[in-house]
Every structure is written in C-alpha cells, then in structure tokens.
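Enquirer: My structure is below; once you've seen it, I'll send some questions.
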Amino acid sequence: MTEEIANENVTVTQPTAETEPAKEITMKTYYWSNDNVPFRVIRTTDEIKEDQYPIAITAPDPSIKAPKYDWVEHKWIETSEESLGQRLTSVVEKLEDAQKSINVLQEAHQDTLKNNETTDTAMEQLKQTVQMSNRMMATLSATVSALTKAYQAANTTETK
C-alpha cells in the first residue's frame with residue numbers, strides 16, 4: 001500500500017487558556033473508499049460505530065497492495081492489476097467448470113430422454129401384446145362357451 005495504516009488513537013493536548021486546564025482531543029482513524037478514491041486514511045475526532053458509505057471503520061488487510069472497500073460484500077478487496085488478472089483467471093476457470101457441468105447435465109438429460117423413449121416403445125409393445133392377449137382370451141372364452149353349450153345340449157338330448 002502507498003500509505004502506512006495506523007489504527008491507534010492519537011491524543012493531542014491543547015491548552016485553551018491560562019485559567020483552564022489542557023483538554024485532551026482523541027483522534028480516531030477511519031478509511032475512505034469509493035469509486036473515485038479507492039483508499040484514503042482519514043482522522044477525525046468523531047466516533048463512528050459502523051460503516052457509513054464512503055467511510056469504512058475496519059482497516060484493510062496489510063497484504064492488500066491496492067485496497068478498495070466492496071460495499072456490497074462489506075470487505076476490502078484488491079484492485080491492483082496483477083490481482084485483477086488473478087481474479088479474472090479464477091473467474092474464467094469457474095466459468096469453464098460451470099460449462100463442463102452444464103455439458104455433463106445435458107448429456108445426462110439426453111440419456112434420460114433416450115431411456116424414456118426406449119421405455120415408451122417397450123410400454124407400447126406391451127400394450128399391444130396385452131390387447132392381442134385379451135382378444136385371444138375373448139375368442140377362447142367364446143369357443144369354450146360354445147363348446148360347453150354344445151356339450152350340454154348333446155347331453156340333454158341323449159338323456160331324454
């Protein structure tokens with residue numbers, strides 16, 4: 001970073017008059033960050049308890065070379081060109097992984113469609129087989145009924 005970050009409070013003593021004792025002024029350190037000014041250390045006597053755009057109360061990690069506060073995620077991010085290149089590479093890798101996952105899902109979907117088509121064909125053939133069996137059973141039942149009636153008719157005429 002271009003500026004050294006100091007998080008300690010500074011106490012300044014100012015005599016106000018010969019009759020009054022010296023007053024202590026406590027300075028607090030905060031960090032300014034927006035699109036125009038990504039990082040600036042500011043000191044004030046005001047006490048700020050939470051982040052208030054564009055003032056962040058937490059100091060950036062000292063390992064960050066060019067910090068900027070991400071107001072959506074509420075954390076400091078790196079804005080140096082080398083870091084952006086690394087982040088871009090990471091994003092590209094994640095996109096490639098996502099594309100591979102999409103391809104795998106599409107292949108699985110195609111397999112499922114083929115299996116469904118095969119199942120539909122088998123079910124249609126089974127339906128046709130059941131219909132043919134029903135017709136054959138109806139024919140056999142009619143034949144058995146006719147034979148039974150003929151047998152009963154033959155037995156009733158013989159017994160008379």
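Each chain in the structure tokens gets a letter, A, B, ..., in the order shown, and its residues are numbered from 1; ligands are numbered from 1 in order too.
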When you look at Tyr30 in chain A with a cut-off of 7 Å (counting only C-alpha atoms), what residues show up, excluding the ones that are within fewer than 4 positions of it in the same chain? I need them as a list of chain:residue names.
Expert: A:Val41, A:Ile42, A:Arg43, A:Ile55, A:Ala56, A:Ile57
Enquirer: Now that the selection is made, can you save its residues with N, CA, C and O atoms as a short mmCIF file (atom, residue, chain, number, x, y, z; two decimals), in the first residue's frame?
Expert:
data_model
loop_
_atom_site.label_atom_id
_atom_site.label_comp_id
_atom_site.auth_asym_id
_atom_site.auth_seq_id
_atom_site.Cartn_x
_atom_site.Cartn_y
_atom_site.Cartn_z
N VAL A 41 -6.77 7.15 4.17
CA VAL A 41 -6.87 7.14 5.63
C VAL A 41 -7.35 8.52 6.05
O VAL A 41 -6.83 9.54 5.59
N ILE A 42 -8.35 8.54 6.93
CA ILE A 42 -8.83 9.82 7.45
C ILE A 42 -8.81 9.76 8.97
O ILE A 42 -8.99 8.71 9.56
N ARG A 43 -8.57 10.92 9.57
CA ARG A 43 -8.53 11.01 11.03
C ARG A 43 -9.50 12.09 11.45
O ARG A 43 -9.56 13.15 10.85
N ILE A 55 -17.23 5.76 4.25
CA ILE A 55 -16.27 5.58 5.34
C ILE A 55 -16.40 4.18 5.93
O ILE A 55 -17.47 3.79 6.40
N ALA A 56 -15.28 3.44 5.90
CA ALA A 56 -15.23 2.10 6.49
C ALA A 56 -14.46 2.20 7.80
O ALA A 56 -13.49 2.95 7.91
N ILE A 57 -14.91 1.45 8.81
CA ILE A 57 -14.25 1.53 10.11
C ILE A 57 -13.15 0.49 10.27
O ILE A 57 -12.27 0.65 11.11
#
Enquirer: Return as a PyMOL selection string the full set of residues in range 5-121 of chain A whose backbone-based DSSP assignment is strand (DSSP E).
Expert: chain A and resi 10-14+23-32+40-44+55-56+67-70+75-78
Enquirer: Mind checking which residues fall within 9 Å of Lys68 in chain A, counting only C-alpha atoms, ignoring those fewer than 4 positions away in the same chain, and posting them as number ranges by chain?
Expert: A: 32-35, 37-39, 60, 75-79
Enquirer: Now that the selection is made, can you save its residues with C-alpha atoms as a short mmCIF file (atom, residue, chain, number, x, y, z; two decimals), in the first residue's frame?
Expert:
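Generated output (result.cif):
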data_model
loop_
_atom_site.label_atom_id
_atom_site.label_comp_id
_atom_site.auth_asym_id
_atom_site.auth_seq_id
_atom_site.Cartn_x
_atom_site.Cartn_y
_atom_site.Cartn_z
CA TRP A 32 -12.42 6.42 2.92
CA SER A 33 -13.25 4.24 -0.09
CA ASN A 34 -15.42 4.87 -3.14
CA ASP A 35 -15.04 4.62 -6.93
CA VAL A 37 -10.93 7.41 -4.14
CA PRO A 38 -10.39 3.68 -3.57
CA PHE A 39 -8.37 4.12 -0.36
CA PRO A 60 -7.75 -3.36 5.10
CA LYS A 75 -14.95 -6.26 2.88
CA TRP A 76 -11.70 -4.91 1.46
CA ILE A 77 -10.67 -6.17 -1.98
CA GLU A 78 -7.51 -5.94 -4.03
CA THR A 79 -7.59 -3.63 -7.07
#
Enquirer: To one decimal place, how far is CA of Glu73 in chain A from CA of Val92 in chain A in Å?
Expert: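 Result for CA of Glu73 in chain A versus CA of Val92 in chain A: 20.9 Å, one decimal.
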Enquirer: I'd like the interatomic distance between CA of Lys49 in chain A and CA of Met27 in chain A, to a tenth of an Å.
Expert: 14.2 Å
Enquirer: Do you have the CA of Gly85 in chain A-CA of Lys65 in chain A distance handy?
Expert: 13.9 Å
Enquirer: Could you write out, as a PyMOL selection string, all the residues of chain A that DSSP marks as alpha helix (DSSP H)?
Expert: chain A and resi 81-159
